[in-house]
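What follows is the content of upload.csv, which has CSV, C-alpha atoms:
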```
chain,number,residue,atom,x,y,z
A,4,MET,CA,16.4,-25.1,16.4
A,5,THR,CA,13.4,-24.2,14.4
A,6,ALA,CA,12.0,-21.2,12.6
A,7,GLN,CA,9.5,-19.6,15.0
A,8,ILE,CA,5.8,-18.8,14.3
A,9,GLY,CA,5.7,-15.1,14.9
A,10,ASP,CA,2.9,-12.7,15.6
A,11,SER,CA,1.2,-11.2,12.5
A,12,TYR,CA,-0.3,-7.8,11.9
A,13,SER,CA,-3.0,-6.7,9.5
A,14,TYR,CA,-3.2,-3.1,8.3
A,15,LYS,CA,-5.5,-1.8,5.5
A,16,GLY,CA,-6.1,-5.2,4.0
A,17,GLY,CA,-2.5,-6.3,4.2
A,18,ASP,CA,-1.1,-9.1,6.4
A,19,TYR,CA,2.5,-8.7,7.8
A,20,SER,CA,4.9,-10.8,9.7
A,21,ILE,CA,6.8,-9.5,12.7
A,22,VAL,CA,10.5,-8.6,12.1
A,23,ALA,CA,11.4,-6.4,15.1
A,24,MET,CA,10.1,-4.3,17.9
A,25,SER,CA,11.6,-1.4,19.8
A,26,ASN,CA,9.6,-2.3,22.9
A,27,PRO,CA,7.7,-5.5,23.8
A,28,LEU,CA,4.0,-5.5,23.5
A,29,ARG,CA,2.3,-5.5,26.9
A,30,PHE,CA,-0.1,-8.3,26.1
A,31,ASP,CA,0.8,-11.4,28.1
A,32,PRO,CA,-1.8,-14.2,28.4
A,33,ARG,CA,-0.3,-15.1,31.9
A,34,PHE,CA,-1.9,-11.9,33.2
A,35,HIS,CA,-5.3,-13.2,32.0
A,36,GLY,CA,-5.3,-16.6,33.7
A,37,PHE,CA,-3.5,-18.6,31.1
A,38,LYS,CA,-0.5,-20.9,31.6
A,39,PRO,CA,1.1,-21.1,28.1
A,40,GLU,CA,3.1,-24.2,27.4
A,41,SER,CA,5.1,-25.1,24.3
A,42,THR,CA,4.0,-28.2,22.4
A,43,THR,CA,6.2,-27.6,19.3
A,44,SER,CA,9.7,-26.4,18.6
A,45,ALA,CA,8.2,-23.9,16.2
A,46,CYS,CA,6.6,-22.0,19.0
A,47,TRP,CA,8.6,-21.9,22.2
A,48,ASN,CA,6.3,-19.3,23.7
A,49,GLY,CA,3.3,-21.6,23.7
A,50,PHE,CA,1.2,-19.0,22.0
A,51,TRP,CA,1.1,-16.5,19.2
A,52,CYS,CA,-1.2,-13.6,18.2
A,53,LYS,CA,-2.7,-11.9,15.3
A,54,TYR,CA,-3.2,-8.1,15.7
A,55,LYS,CA,-5.1,-5.5,13.7
A,56,ILE,CA,-3.6,-2.0,13.3
A,57,SER,CA,-5.5,1.2,12.8
A,58,GLU,CA,-4.9,4.9,13.6
A,59,ASP,CA,-6.6,4.1,16.9
A,60,GLY,CA,-3.8,1.7,17.8
A,61,ILE,CA,-3.1,-2.1,18.1
A,62,PHE,CA,-5.9,-4.5,18.7
A,63,LEU,CA,-5.5,-8.2,19.6
A,64,ASP,CA,-7.7,-10.0,17.1
A,65,LYS,CA,-6.8,-13.7,17.5
A,66,LEU,CA,-4.9,-15.8,20.0
A,67,TYR,CA,-3.5,-19.2,19.4
A,68,ILE,CA,-2.5,-20.9,22.7
A,69,HIS,CA,-1.8,-24.1,24.4
A,70,SER,CA,-2.3,-23.8,28.2
A,71,GLN,CA,-1.2,-26.2,30.9
A,72,ASP,CA,-3.8,-28.3,32.7
A,73,ASP,CA,-6.5,-27.4,30.1
A,74,GLU,CA,-7.1,-24.0,31.7
A,75,TYR,CA,-8.7,-21.8,29.1
A,76,PRO,CA,-10.4,-18.8,30.7
A,77,GLU,CA,-12.5,-16.2,28.8
A,78,LEU,CA,-10.5,-13.4,27.2
A,79,ASN,CA,-12.2,-10.0,26.7
A,80,GLY,CA,-15.5,-11.8,27.2
A,81,LYS,CA,-14.8,-14.5,24.5
A,82,THR,CA,-14.2,-18.2,24.8
A,83,PHE,CA,-12.2,-20.4,22.5
A,84,GLU,CA,-13.7,-21.5,19.2
A,85,VAL,CA,-15.6,-24.8,19.0
A,86,ASP,CA,-16.9,-26.8,16.0
A,87,ALA,CA,-20.5,-27.7,15.3
A,88,GLU,CA,-20.2,-30.7,17.7
A,89,GLY,CA,-18.9,-28.5,20.5
A,90,ASN,CA,-15.3,-29.7,20.2
A,91,PRO,CA,-12.4,-27.2,20.6
A,92,VAL,CA,-11.0,-25.9,17.3
A,93,GLU,CA,-7.3,-26.3,17.3
A,94,TYR,CA,-4.4,-25.3,15.1
A,95,MET,CA,-1.1,-27.1,15.6
A,96,GLY,CA,-2.4,-28.2,19.0
A,97,HIS,CA,-3.3,-24.6,20.0
A,98,ARG,CA,-6.8,-23.5,20.8
A,99,VAL,CA,-8.1,-20.4,19.0
A,100,TYR,CA,-9.7,-17.3,20.3
A,101,ASN,CA,-11.3,-15.2,17.5
A,102,ASP,CA,-12.6,-11.6,17.2
A,103,LEU,CA,-11.2,-10.4,20.5
A,104,ASN,CA,-11.0,-6.7,19.5
A,105,MET,CA,-8.8,-6.1,22.6
A,106,LYS,CA,-6.7,-2.9,22.5
A,107,VAL,CA,-3.1,-3.4,23.5
A,108,GLU,CA,-1.4,-0.1,24.6
A,109,TYR,CA,1.9,0.4,22.8
A,110,HIS,CA,4.5,3.1,22.6
A,111,GLY,CA,7.4,2.5,20.2
A,112,LYS,CA,8.1,1.1,16.8
A,113,ILE,CA,7.2,-2.2,15.1
A,114,LEU,CA,8.9,-3.4,11.9
A,115,VAL,CA,6.9,-5.9,9.8
A,116,GLY,CA,7.3,-7.6,6.4
A,117,ASP,CA,5.3,-9.0,3.6
A,118,GLU,CA,6.0,-10.9,0.4
A,119,PHE,CA,8.6,-13.2,1.9
A,120,ILE,CA,11.5,-14.3,-0.4
A,121,HIS,CA,12.3,-17.9,0.3
A,122,ASP,CA,15.8,-17.6,-1.0
A,123,TYR,CA,16.6,-15.8,2.2
A,124,TYR,CA,14.8,-18.3,4.5
A,125,VAL,CA,16.7,-19.3,7.6
A,126,HIS,CA,15.4,-22.3,9.5
A,127,MET,CA,16.0,-20.7,12.9
A,128,GLY,CA,14.2,-18.1,15.0
A,129,TYR,CA,12.6,-15.2,13.3
A,130,GLN,CA,13.3,-14.1,9.7
A,131,ARG,CA,15.4,-11.1,8.9
A,132,ALA,CA,14.3,-7.7,7.5
A,133,HIS,CA,15.8,-8.1,4.0
A,134,ALA,CA,13.9,-11.4,3.5
A,135,TYR,CA,10.7,-9.4,2.7
A,136,LYS,CA,10.0,-7.4,-0.5
A,137,VAL,CA,7.7,-5.2,1.5
A,138,LEU,CA,9.1,-3.8,4.8
A,139,LYS,CA,7.1,-1.3,6.8
A,140,GLU,CA,7.6,0.4,10.2
A,141,PHE,CA,4.7,1.4,12.4
A,142,VAL,CA,5.3,4.2,14.9
A,143,PHE,CA,3.1,4.4,18.0
A,144,GLN,CA,2.8,7.1,20.6
A,145,ASN,CA,0.6,6.7,23.7
A,146,GLY,CA,-1.2,3.8,22.1
A,147,ASN,CA,-2.0,5.6,18.8
A,148,LEU,CA,-0.5,5.0,15.4
A,149,ILE,CA,1.3,8.3,14.4
A,150,ASP,CA,3.3,7.2,11.3
A,151,VAL,CA,3.9,4.5,8.8
A,152,ILE,CA,7.3,4.3,7.1
A,153,ASP,CA,8.1,2.2,4.0
A,154,HIS,CA,11.5,0.6,4.2
A,155,SER,CA,11.1,-1.6,1.1
A,156,GLU,CA,13.8,0.1,-0.9
A,157,MET,CA,16.3,-0.4,2.0
A,158,ALA,CA,15.3,-4.1,2.2
A,159,ALA,CA,16.2,-4.4,-1.5
A,160,LYS,CA,19.6,-2.7,-0.9
A,161,LEU,CA,20.2,-5.0,2.0
A,162,ARG,CA,19.6,-8.0,-0.2
A,163,GLU,CA,22.1,-6.7,-2.7
A,164,MET,CA,24.6,-6.4,0.1
A,165,GLU,CA,23.9,-9.9,1.3
A,166,ASP,CA,24.2,-11.4,-2.2
A,167,ALA,CA,27.5,-9.6,-2.8
A,168,LYS,CA,28.9,-10.7,0.5
A,169,ASN,CA,27.7,-14.3,0.6
A,170,LYS,CA,26.4,-15.2,-2.8
A,171,LYS,CA,23.4,-16.8,-1.1
A,172,PRO,CA,25.1,-19.6,0.7
A,173,SER,CA,23.2,-22.3,2.6
A,174,LEU,CA,22.8,-22.0,6.3
A,175,LYS,CA,25.4,-24.7,6.7
A,176,GLU,CA,27.8,-22.7,4.5
A,177,LYS,CA,27.0,-19.6,6.5
A,178,LEU,CA,28.0,-21.3,9.7
A,179,PHE,CA,30.8,-23.5,8.5
A,180,GLY,CA,34.2,-22.2,9.6
A,181,LYS,CA,32.8,-19.5,11.9
A,182,SER,CA,34.1,-19.0,15.4
A,183,GLU,CA,32.2,-20.3,18.4
A,184,LYS,CA,31.5,-16.7,19.3
A,185,SER,CA,30.1,-15.8,15.9
A,186,ILE,CA,27.9,-18.9,15.8
A,187,HIS,CA,26.5,-18.0,19.2
A,188,GLU,CA,25.8,-14.4,18.1
A,189,PHE,CA,24.1,-15.7,15.0
A,190,VAL,CA,21.8,-18.0,17.0
A,191,GLU,CA,21.0,-15.2,19.5
A,192,SER,CA,20.1,-12.7,16.8
A,193,SER,CA,17.9,-15.3,15.1
A,194,PHE,CA,15.7,-15.6,18.1
A,195,SER,CA,15.7,-11.9,18.8
A,196,LEU,CA,13.1,-9.3,17.8
A,197,ASP,CA,15.2,-6.5,19.1
A,198,TYR,CA,15.9,-3.5,16.8
A,199,LYS,CA,19.6,-3.7,17.6
A,200,ASP,CA,19.8,-7.2,16.2
A,201,LYS,CA,17.3,-7.0,13.3
A,202,CYS,CA,17.5,-3.3,12.4
A,203,TRP,CA,21.2,-2.5,12.8
A,204,TRP,CA,21.1,-0.4,9.6
A,205,MET,CA,18.7,2.1,11.3
A,206,ASP,CA,21.3,3.2,13.8
```

Show me the file's structure as structure tokens.
Amino acid sequence: MTAQIGDSYSYKGGDYSIVAMSNPLRFDPRFHGFKPESTTSACWNGFWCKYKISEDGIFLDKLYIHSQDDEYPELNGKTFEVDAEGNPVEYMGHRVYNDLNMKVEYHGKILVGDEFIHDYYVHMGYQRAHAYKVLKEFVFQNGNLIDVIDHSEMAAKLREMEDAKNKKPSLKEKLFGKSEKSIHEFVESSFSLDYKDKCWWMD
């Protein structure tokens, strides 16, 4: 099981990695004629996105996708990128759609992180909130950004708690000796972006 390539978000010049979402984003390439297919264990979805955030909401900026049967329709009037010789530009076997500027309606909260601390890297699923020095929460209502909350101090406190409890063990040490149930819960939470799994401290 491999760490997953997650969606990323840019806001006021900063680039952030996804940590958790209170509701899923409504963008699904299947609704636009794509048939995403996984080609790597680092991306089970077969695609990932880069979004831009402003006070006007969330906009899909880039799409990286591998589609079955080489079906790559236009998206928001754009085709995939090609090089000077007309060959498709690919990244890790995924074709790239740039400058889409496609608004994605969203209502809820999105937690994102920046300045990842590799001491807390887990080679499974999506990384946890305390693994980032900078932790921010974007709050959306009816498609518009209404608040930005900085949780970086809480992330630092969570790291202190983690260090005191585990003294930074390896993943093998974390899992060794745990019950089958606790291992299963650890794996499930690793591949989850749900607030209840990644933001339990907000309850």

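Proximity ranking of A:Cys46, A:Ile21, A:Val137, A:Val142 relative to Glu156 (chain A) places A:Val137 first, based on only C-alpha atoms.
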
Which residue out of A:Trp51, A:Phe37, A:Phe143, A:Phe30 has the minimum interatomic distance to Gly111 (chain A) when all atoms listed in the file are used? A:Phe143

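Separating CA of Ile68 (chain A) from CA of Thr42 (chain A) is a distance of 9.8 Å.
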
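Across the model, the gap from CA of Asp18 (chain A) to CA of Asp59 (chain A) is 17.7 Å.
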
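Computed from the coordinates, the CA of Leu148 (chain A) to CA of Pro32 (chain A) distance equals 23.2 Å.
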
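Closest to Lys55 (chain A) among A:Lys81, A:Lys38, A:Lys15, A:His133 is A:Lys15, based on only C-alpha atoms.
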
Excluding Ser41 (chain A) and residues on its chain fewer than 3 positions from it, collect all residues at most 12 Å away from it, counting only C-alpha atoms, and give them as a VMD selection string. chain A and resid 7 to 8 38 44 to 51 67 to 71 95 to 97

Residues near Asp64 (chain A), cut-off 12 Å, only C-alpha atoms, skip fewer than 4 positions along chain, as a PyMOL selection string: chain A and resi 10-13+30+51-56+78-79+81+99-107

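Considering only C-alpha atoms, the residue among A:Tyr75, A:Tyr198, A:Phe62, A:Tyr109 positioned nearest to Gln144 (chain A) is A:Tyr109.
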